>>> print(open('my_file_12.txt').read())   # compact mmCIF, C-alpha atoms
# COMPACT_ATOMS: atom_id res chain seq x y z
CA MET O 1 133.51 138.96 171.28
CA ALA O 2 132.77 141.97 169.10
CA LYS O 3 129.42 141.67 167.39
CA ASN O 4 130.83 142.97 164.14
CA SER O 5 133.16 140.03 163.71
CA LEU O 6 130.19 137.68 164.01
CA LYS O 7 128.17 139.51 161.37
CA LYS O 8 130.04 137.91 158.50
CA TYR O 9 128.42 134.57 159.37
CA LEU O 10 124.89 135.94 159.23
CA PRO O 11 122.36 135.12 158.00
CA LEU O 12 122.99 131.40 158.33
CA SER O 13 121.51 129.16 155.66
CA GLU O 14 118.55 127.05 156.72
CA ALA O 15 120.68 123.90 156.81
CA THR O 16 123.48 125.56 158.79
CA TYR O 17 121.02 127.08 161.25
CA TYR O 18 119.38 123.77 162.09
CA ILE O 19 122.72 121.96 162.27
CA MET O 20 123.96 124.52 164.79
CA LEU O 21 120.72 124.23 166.75
CA ALA O 22 121.19 120.46 166.89
CA LEU O 23 124.77 120.88 168.13
CA VAL O 24 123.76 122.65 171.32
CA ASN O 25 124.34 119.11 172.60
CA PRO O 26 127.23 116.99 171.26
CA LEU O 27 126.11 114.77 168.36
CA HIS O 28 127.64 112.75 165.52
CA GLY O 29 126.71 113.20 161.86
CA TYR O 30 123.84 110.77 161.71
CA GLY O 31 122.46 112.08 165.02
CA VAL O 32 122.46 115.58 163.56
CA MET O 33 120.49 114.43 160.51
CA HIS O 34 117.78 112.96 162.73
CA GLU O 35 117.71 115.89 165.09
CA VAL O 36 117.44 118.41 162.23
CA GLU O 37 114.52 116.55 160.72
CA LYS O 38 112.80 116.55 164.10
CA LEU O 39 113.60 120.19 164.93
CA SER O 40 112.31 121.37 161.55
CA ASP O 41 109.07 119.35 161.71
CA GLY O 42 110.31 117.37 158.72
CA THR O 43 110.80 120.42 156.50
CA VAL O 44 114.58 120.02 156.34
CA LYS O 45 116.02 116.61 155.48
CA LEU O 46 119.78 116.83 155.09
CA GLY O 47 121.73 114.99 152.46
CA PRO O 48 125.05 113.58 153.75
CA GLY O 49 127.06 115.71 151.29
CA THR O 50 125.41 118.86 152.53
CA LEU O 51 125.94 117.90 156.16
CA TYR O 52 129.61 117.06 155.66
CA GLY O 53 130.17 120.36 153.85
CA VAL O 54 128.58 122.36 156.66
CA PHE O 55 130.58 120.47 159.31
CA ASN O 56 133.72 121.27 157.39
CA THR O 57 133.01 124.97 157.09
CA LEU O 58 131.82 125.39 160.67
CA GLU O 59 134.87 123.58 162.01
CA LYS O 60 137.21 125.68 159.88
CA GLU O 61 135.55 128.83 161.24
CA ALA O 62 135.81 127.42 164.78
CA LEU O 63 132.04 127.65 165.33
CA ILE O 64 131.96 123.94 166.19
CA SER O 65 134.65 121.52 167.35
CA LYS O 66 135.15 117.80 167.76
CA VAL O 67 134.48 116.74 171.34
CA LYS O 68 134.86 112.95 171.22
CA GLU O 69 134.93 109.87 169.03
CA GLU O 70 132.89 106.69 169.46
CA ASP O 71 132.55 103.77 167.04
CA ARG O 72 134.52 105.70 164.39
CA ARG O 73 131.92 108.49 164.65
CA LYS O 74 133.05 111.97 165.56
CA TYR O 75 130.91 114.06 167.88
CA TYR O 76 130.73 117.81 167.40
CA ALA O 77 129.44 120.61 169.61
CA LEU O 78 129.16 124.39 169.41
CA THR O 79 132.12 126.43 170.57
CA ASP O 80 131.61 129.66 172.52
CA LYS O 81 131.97 131.58 169.27
CA GLY O 82 129.41 129.25 167.70
CA LYS O 83 126.95 129.87 170.54
CA GLU O 84 127.40 133.62 170.09
CA VAL O 85 126.65 133.41 166.36
CA LEU O 86 123.60 131.23 166.98
CA ARG O 87 122.27 133.63 169.60
CA GLU O 88 122.65 136.53 167.19
CA GLN O 89 120.88 134.57 164.43
CA ILE O 90 117.98 133.68 166.74
CA ALA O 91 117.60 137.33 167.74
CA ARG O 92 117.33 138.28 164.07
CA LEU O 93 114.88 135.49 163.33
CA LYS O 94 112.73 136.62 166.24
CA ILE O 95 112.41 140.09 164.74
CA MET O 96 111.57 138.59 161.37
CA ALA O 97 108.95 136.27 162.84
CA ASP O 98 107.36 139.01 165.02
CA ARG O 99 107.05 141.40 162.08
CA GLY O 100 105.80 138.62 159.86
CA ARG O 101 103.05 137.56 162.25
CA THR O 102 100.93 140.69 161.70
CA ALA O 103 101.21 140.43 157.94
CA TYR O 104 100.51 136.72 158.11
CA GLU O 105 97.27 137.22 160.07
CA ASP O 106 96.17 139.84 157.52
CA LEU O 107 96.92 137.50 154.66
CA VAL O 108 94.99 134.64 156.27
CA THR O 109 91.87 136.72 157.07
CA LYS O 110 91.85 138.20 153.59
CA ARG O 111 92.03 134.75 152.09
CA THR O 112 89.03 133.55 154.11
CA GLU O 113 87.02 136.66 153.17
CA CYS O 114 87.36 136.00 149.47
CA MET H 1 131.86 110.57 125.11
CA LEU H 2 134.00 107.76 123.78
CA GLY H 3 131.74 104.73 123.58
CA GLY H 4 132.86 101.55 125.18
CA ALA H 5 135.21 98.76 124.56
CA LYS H 6 133.49 95.83 126.16
CA SER H 7 134.81 92.68 127.70
CA MET H 8 132.75 89.92 129.22
CA SER H 9 133.08 87.21 131.77
CA ASP H 10 130.15 85.21 133.18
CA ASN H 11 128.51 87.82 135.27
CA GLN H 12 130.73 90.82 134.87
CA ILE H 13 131.17 93.40 132.19
CA THR H 14 133.79 96.08 132.01
CA ARG H 15 133.41 99.32 130.17
CA PHE H 16 135.73 102.17 129.39
CA LYS H 17 134.04 105.52 129.11
CA TRP H 18 135.30 109.05 129.20
CA PHE H 19 133.26 111.72 130.91
CA TRP H 20 133.76 115.46 130.90
CA VAL H 21 133.64 117.44 134.10
CA TRP H 22 130.35 119.15 133.17
CA GLN H 23 128.63 115.82 132.51
CA ASP H 24 128.27 114.56 136.06
CA ASP H 25 124.46 114.48 135.78
CA ALA H 26 124.69 112.42 132.60
CA GLU H 27 127.16 110.09 134.32
CA GLU H 28 124.69 109.48 137.17
CA GLN H 29 121.87 108.85 134.74
CA TRP H 30 123.98 106.41 132.73
CA LEU H 31 124.74 104.37 135.85
CA GLU H 32 121.07 104.42 136.88
CA LYS H 33 120.06 103.19 133.44
CA MET H 34 122.61 100.37 133.66
CA SER H 35 121.16 99.31 137.03
CA ARG H 36 117.62 99.35 135.68
CA GLN H 37 118.89 96.92 133.05
CA GLY H 38 120.41 94.73 135.76
CA TYR H 39 124.05 95.88 135.53
CA HIS H 40 125.24 97.24 138.85
CA LEU H 41 128.48 99.14 139.24
CA THR H 42 130.93 97.26 141.46
CA SER H 43 134.04 99.32 140.93
CA VAL H 44 135.34 102.34 139.13
CA ARG H 45 139.03 102.77 138.41
CA LEU H 46 141.48 104.67 136.32
CA PRO H 47 141.62 104.83 133.34
CA CYS H 48 137.85 105.43 133.35
CA MET H 49 137.18 101.72 133.82
CA TYR H 50 133.76 100.65 135.08
CA THR H 51 133.02 97.12 136.22
CA PHE H 52 129.40 95.96 136.45
CA THR H 53 127.91 92.80 137.91
CA ARG H 54 124.73 91.38 136.46
CA SER H 55 121.69 90.54 138.59
CA GLU H 56 118.07 91.65 138.98
CA PRO H 57 117.26 95.24 137.95
CA VAL H 58 117.28 97.72 140.86
CA ASN H 59 116.09 101.31 141.00
CA TYR H 60 119.26 102.90 142.36
CA ALA H 61 120.09 106.58 142.69
CA TYR H 62 123.76 107.13 141.77
CA ARG H 63 125.34 110.35 142.97
CA LEU H 64 128.75 111.93 142.47
CA ASP H 65 130.58 114.23 144.82
CA TYR H 66 133.88 115.95 144.06
CA ARG H 67 136.34 116.09 146.94
CA SER H 68 139.89 115.57 148.03
CA PHE H 69 140.79 114.85 151.62
CA SER H 70 143.22 113.20 153.98
CA LYS H 71 142.71 109.53 154.75
CA LYS H 72 141.34 110.36 158.18
CA ASP H 73 138.85 112.92 156.91
CA LYS H 74 137.73 110.47 154.26
CA GLN H 75 136.87 107.89 156.93
CA GLU H 76 134.63 110.39 158.67
CA TYR H 77 133.11 111.46 155.37
CA LEU H 78 132.31 107.89 154.33
CA GLN H 79 130.87 107.09 157.77
CA ILE H 80 128.35 109.91 157.43
CA PHE H 81 127.30 108.66 154.00
CA ARG H 82 127.07 105.05 155.18
CA ASP H 83 124.94 106.04 158.18
CA ALA H 84 122.62 107.89 155.81
CA GLY H 85 122.18 104.72 153.74
CA TRP H 86 124.62 105.38 150.90
CA GLU H 87 126.98 102.75 149.54
CA TYR H 88 130.46 103.91 148.49
CA LEU H 89 131.64 102.55 145.15
CA GLY H 90 135.03 104.21 144.85
CA ASP H 91 136.59 107.22 143.27
CA LEU H 92 137.79 108.28 139.87
CA SER H 93 140.32 111.07 140.21
CA LEU H 94 138.46 113.23 142.76
CA TRP H 95 134.93 112.08 141.88
CA GLN H 96 133.37 110.09 144.70
CA TYR H 97 130.76 107.56 143.58
CA PHE H 98 127.77 106.66 145.79
CA ARG H 99 124.50 104.84 145.36
CA LYS H 100 121.36 104.16 147.31
CA GLN H 101 118.10 102.40 146.53
CA VAL H 102 115.45 104.96 145.70
CA LYS H 103 112.83 104.91 148.44
CA GLU H 104 109.75 107.06 148.88
CA GLY H 105 110.03 109.48 151.79
CA GLU H 106 113.81 109.15 152.08
CA VAL H 107 116.44 111.64 151.00
CA ASN H 108 117.58 110.31 147.65
CA GLU H 109 120.04 113.15 147.11
CA ILE H 110 123.44 113.66 148.69
CA PHE H 111 123.00 117.44 148.52
CA SER H 112 119.81 118.85 149.99
CA ASP H 113 120.31 122.51 149.11
CA ASN H 114 121.66 124.61 146.26
CA ALA H 115 124.45 126.08 148.38
CA SER H 116 126.11 122.67 148.76
CA LYS H 117 125.61 121.85 145.07
CA ILE H 118 127.27 125.13 144.16
CA ALA H 119 130.11 124.36 146.58
CA LYS H 120 130.73 121.08 144.74
CA TYR H 121 131.06 122.85 141.39
CA ARG H 122 133.28 125.46 143.00
CA ARG H 123 135.63 122.68 144.05
CA THR H 124 135.87 121.42 140.47
CA LEU H 125 136.50 125.01 139.37
CA GLY H 126 139.33 125.30 141.88
CA TYR H 127 141.23 122.42 140.29
CA LEU H 128 140.35 123.36 136.71
CA GLY H 129 141.39 126.94 137.30
CA PHE H 130 144.69 125.91 138.80
CA PHE H 131 145.72 123.62 135.93
CA TRP H 132 144.39 126.10 133.40
CA ALA H 133 146.67 128.78 134.85
CA VAL H 134 149.67 126.42 134.89
CA LEU H 135 149.17 125.46 131.24
CA LEU H 136 148.63 129.03 130.20
CA PHE H 137 151.85 129.98 131.93
CA ILE H 138 153.75 127.21 130.10
CA VAL H 139 152.38 128.30 126.73
CA LEU H 140 153.07 131.99 127.25
CA GLU H 141 156.50 131.42 128.76
CA ARG H 142 157.65 129.33 125.83
CA ILE H 143 156.29 131.74 123.28
CA THR H 144 158.33 134.58 124.70
CA ILE H 145 161.48 132.82 125.87
CA LEU H 146 162.09 129.80 123.67
CA PRO H 147 160.38 130.40 120.37
CA GLU H 148 162.28 128.04 118.03
CA SER H 149 165.10 126.60 120.08
CA LEU H 150 163.46 123.18 120.32
CA PRO H 151 162.05 121.95 117.01
CA TRP H 152 159.58 119.52 118.59
CA TRP H 153 158.30 122.10 121.02
CA GLY H 154 155.86 123.51 118.48
CA ASN H 155 153.76 120.31 118.51
CA VAL H 156 153.64 120.17 122.29
CA HIS H 157 152.57 123.75 122.14
CA VAL H 158 149.66 123.03 119.83
CA PHE H 159 148.62 120.17 122.08
CA ILE H 160 148.72 122.26 125.23
CA ALA H 161 146.84 125.04 123.47
CA ALA H 162 144.14 122.53 122.49
CA VAL H 163 143.88 121.30 126.10
CA LEU H 164 143.57 124.92 127.19
CA VAL H 165 140.66 125.46 124.83
CA VAL H 166 138.84 122.39 126.17
CA MET H 167 139.51 123.47 129.75
CA SER H 168 138.25 126.96 129.06
CA TYR H 169 135.07 125.43 127.69
CA ALA H 170 134.77 123.23 130.80
CA ILE H 171 135.21 126.25 133.07
CA LEU H 172 132.53 128.12 131.12
CA ARG H 173 130.08 125.21 131.41
CA ILE H 174 130.62 124.96 135.17
CA VAL H 175 130.30 128.70 135.71
CA LEU H 176 126.99 128.60 133.83
CA ARG H 177 125.84 125.67 135.97
CA ILE H 178 126.63 127.59 139.14
CA ARG H 179 124.70 130.62 137.87
CA GLN H 180 121.70 128.42 137.13
CA LEU H 181 121.75 127.07 140.68
CA ARG H 182 122.05 130.51 142.19
CA ILE H 183 118.79 131.88 140.75
>>> encode(input="my_file_12.txt", output="structure tokens")
Amino acid sequence: MAKNSLKKYLPLSEATYYIMLALVNPLHGYGVMHEVEKLSDGTVKLGPGTLYGVFNTLEKEALISKVKEEDRRKYYALTDKGKEVLREQIARLKIMADRGRTAYEDLVTKRTEC
Amino acid sequence: MLGGAKSMSDNQITRFKWFWVWQDDAEEQWLEKMSRQGYHLTSVRLPCMYTFTRSEPVNYAYRLDYRSFSKKDKQEYLQIFRDAGWEYLGDLSLWQYFRKQVKEGEVNEIFSDNASKIAKYRRTLGYLGFFWAVLLFIVLERITILPESLPWWGNVHVFIAAVLVVMSYAILRIVLRIRQLRI
């Protein structure tokens, strides 16, 4: 897939990013909520309205798809296109984090000097 | 807000109350206040009819979403809310009513980021905008094509024009709300 066509999805919002990370393995809505809280060290707790909205958008854009249904709960997983977008997002985040690290260390040492 | 006619049975009260599209926060707060006084919403129906049952006061969070969907999608939607601990109370036009007991350390909001809150107001704008355009079309069409052919049409016209003014105000309020959330 052409990288340009994926660019319109980037950057993903924090909620969308973690939801896509969680959907590397098939999960239902409630499973995603738990997984996102765990993956984010408790910094992102999803409301059900937010989660449903993201599911809706991602499914419409064919970044995720329904894979099965159990106990009236639908399981979603990333599509190939979804995996591509996530990979691209992670690559960008890596650059951001690497560049940030130097500045962060500076900021921390300066704070302790004061 | 048109204050309530009130009818009583043993443990139930029914209220009729109008609420404007930009007052969803006030609507939530009103329901929370009722629950703190021991009146808990059991159903909400057209025409703006709220039924409450009396028992012990509870600190509930009431939240409103705005959505239309197919029956099947709604099942999935409600399942996600139920799993997250929210009780579904029903809908009034496209407003979906939920509540949950407020608990420390839990998510007491149905929307956890501004993007999804903005999306909710965008959905209300979608419907408002559509009906606004339809009404505007009716008014303009009649002005140009059928000015005086129907004697009673003038009154309908004034009425539709008044509705248009209110809707324009509603659209303005919602646009401002979205801007506030965008920061």
>>> residues_around(input="my_file_12.txt", residues="Leu58 (chain O)", least_positions_apart="3", cutoff="10 Å", atoms="only C-alpha atoms", output="ChimeraX atom specification")
/O:9,16,19-20,52-55,61-65,78-79,82
>>> interface_residues(input="my_file_12.txt", of="chain H", to="chain O", cutoff="7 Å", atoms="only C-alpha atoms", output="PyMOL selection string")
chain H and resi 76-77+80-81+83-84+107+109-112+116
>>> write_last_selection(input="my_file_12.txt", atoms="C-alpha atoms", output="PDB file, keeping the file's coordinate frame")
ATOM      1  CA  GLU H  76     134.630 110.390 158.670  1.00  0.00           C
ATOM      2  CA  TYR H  77     133.110 111.460 155.370  1.00  0.00           C
ATOM      3  CA  ILE H  80     128.350 109.910 157.430  1.00  0.00           C
ATOM      4  CA  PHE H  81     127.300 108.660 154.000  1.00  0.00           C
ATOM      5  CA  ASP H  83     124.940 106.040 158.180  1.00  0.00           C
ATOM      6  CA  ALA H  84     122.620 107.890 155.810  1.00  0.00           C
ATOM      7  CA  VAL H 107     116.440 111.640 151.000  1.00  0.00           C
ATOM      8  CA  GLU H 109     120.040 113.150 147.110  1.00  0.00           C
ATOM      9  CA  ILE H 110     123.440 113.660 148.690  1.00  0.00           C
ATOM     10  CA  PHE H 111     123.000 117.440 148.520  1.00  0.00           C
ATOM     11  CA  SER H 112     119.810 118.850 149.990  1.00  0.00           C
ATOM     12  CA  SER H 116     126.110 122.670 148.760  1.00  0.00           C
TER      13      SER H 116
END
>>> atom_distance(input="my_file_12.txt", atom1="CA of Leu94 (chain H)", atom2="CA of Arg179 (chain H)")
22.7 Å
>>> closest_residue(input="my_file_12.txt", among="O:Leu21, O:Leu107, O:Leu27, O:Leu10", to="Val67 (chain O)", atoms="only C-alpha atoms")
O:Leu27
>>> residues_around(input="my_file_12.txt", residues="Thr51 (chain H)", least_positions_apart="6", cutoff="9 Å", atoms="all atoms listed in the file", output="list in words")
Gln12, Ile13, Thr14, Arg15, Phe16, His40, Leu41, Thr42, Ser43, Val44 and Arg45 of chain H
>>> atom_distance(input="my_file_12.txt", atom1="CA of Arg122 (chain H)", atom2="CA of Arg67 (chain H)")
10.6 Å
>>> atom_distance(input="my_file_12.txt", atom1="CA of Met96 (chain O)", atom2="CA of Gln180 (chain H)")
28.2 Å
>>> closest_residue(input="my_file_12.txt", among="O:Thr102, O:Pro26, O:Pro11, O:Val85", to="Glu69 (chain O)", atoms="all atoms listed in the file")
O:Pro26
>>> closest_residue(input="my_file_12.txt", among="O:Ile90, O:Ala97, O:Val36, O:Leu6", to="Ala22 (chain O)", atoms="only C-alpha atoms")
O:Val36
>>> residues_around(input="my_file_12.txt", residues="Leu23 (chain O)", least_positions_apart="5", cutoff="8 Å", atoms="only C-alpha atoms", output="ChimeraX atom specification")
/O:32,76-78
>>> write_last_selection(input="my_file_12.txt", atoms="C-alpha atoms", output="mmCIF file, in the frame of the given file")
data_model
loop_
_atom_site.group_PDB
_atom_site.id
_atom_site.type_symbol
_atom_site.label_atom_id
_atom_site.label_comp_id
_atom_site.auth_asym_id
_atom_site.auth_seq_id
_atom_site.Cartn_x
_atom_site.Cartn_y
_atom_site.Cartn_z
ATOM 1 C CA VAL O 32 122.460 115.580 163.560
ATOM 2 C CA TYR O 76 130.730 117.810 167.400
ATOM 3 C CA ALA O 77 129.440 120.610 169.610
ATOM 4 C CA LEU O 78 129.160 124.390 169.410
#
>>> build_atoms(input="my_file_12.txt", residues="region 52-66 of chain O", atoms="N, CA, C and O atoms", output="short mmCIF file (atom, residue, chain, number, x, y, z; two decimals), keeping the file's coordinate frame")
data_model
loop_
_atom_site.label_atom_id
_atom_site.label_comp_id
_atom_site.auth_asym_id
_atom_site.auth_seq_id
_atom_site.Cartn_x
_atom_site.Cartn_y
_atom_site.Cartn_z
N TYR O 52 128.17 117.10 155.55
CA TYR O 52 129.61 117.06 155.66
C TYR O 52 130.22 118.42 155.30
O TYR O 52 131.15 118.90 155.97
N GLY O 53 129.68 119.04 154.26
CA GLY O 53 130.17 120.36 153.85
C GLY O 53 130.01 121.41 154.94
O GLY O 53 130.91 122.20 155.22
N VAL O 54 128.83 121.39 155.60
CA VAL O 54 128.58 122.36 156.66
C VAL O 54 129.50 122.09 157.86
O VAL O 54 130.09 123.02 158.41
N PHE O 55 129.65 120.83 158.24
CA PHE O 55 130.58 120.47 159.31
C PHE O 55 131.96 121.05 159.04
O PHE O 55 132.60 121.66 159.90
N ASN O 56 132.40 120.82 157.81
CA ASN O 56 133.72 121.27 157.39
C ASN O 56 133.91 122.77 157.55
O ASN O 56 134.88 123.24 158.14
N THR O 57 132.93 123.51 157.03
CA THR O 57 133.01 124.97 157.09
C THR O 57 132.94 125.45 158.53
O THR O 57 133.73 126.30 158.95
N LEU O 58 131.99 124.93 159.29
CA LEU O 58 131.82 125.39 160.67
C LEU O 58 133.05 125.09 161.51
O LEU O 58 133.45 125.87 162.37
N GLU O 59 133.68 123.93 161.24
CA GLU O 59 134.87 123.58 162.01
C GLU O 59 136.03 124.50 161.64
O GLU O 59 136.78 124.96 162.50
N LYS O 60 136.15 124.79 160.34
CA LYS O 60 137.21 125.68 159.88
C LYS O 60 137.06 127.07 160.50
O LYS O 60 138.04 127.72 160.84
N GLU O 61 135.81 127.51 160.67
CA GLU O 61 135.55 128.83 161.24
C GLU O 61 135.51 128.79 162.76
O GLU O 61 135.17 129.78 163.41
N ALA O 62 135.78 127.61 163.32
CA ALA O 62 135.81 127.42 164.78
C ALA O 62 134.47 127.74 165.45
O ALA O 62 134.42 128.22 166.58
N LEU O 63 133.36 127.48 164.72
CA LEU O 63 132.04 127.65 165.33
C LEU O 63 131.60 126.34 165.98
O LEU O 63 130.73 126.33 166.86
N ILE O 64 132.18 125.23 165.52
CA ILE O 64 131.96 123.94 166.19
C ILE O 64 133.33 123.27 166.35
O ILE O 64 134.29 123.66 165.69
N SER O 65 133.39 122.28 167.23
CA SER O 65 134.65 121.52 167.35
C SER O 65 134.34 120.08 167.72
O SER O 65 133.27 119.77 168.24
N LYS O 66 135.30 119.21 167.42
CA LYS O 66 135.15 117.80 167.76
C LYS O 66 135.30 117.65 169.26
O LYS O 66 136.23 118.20 169.85
#
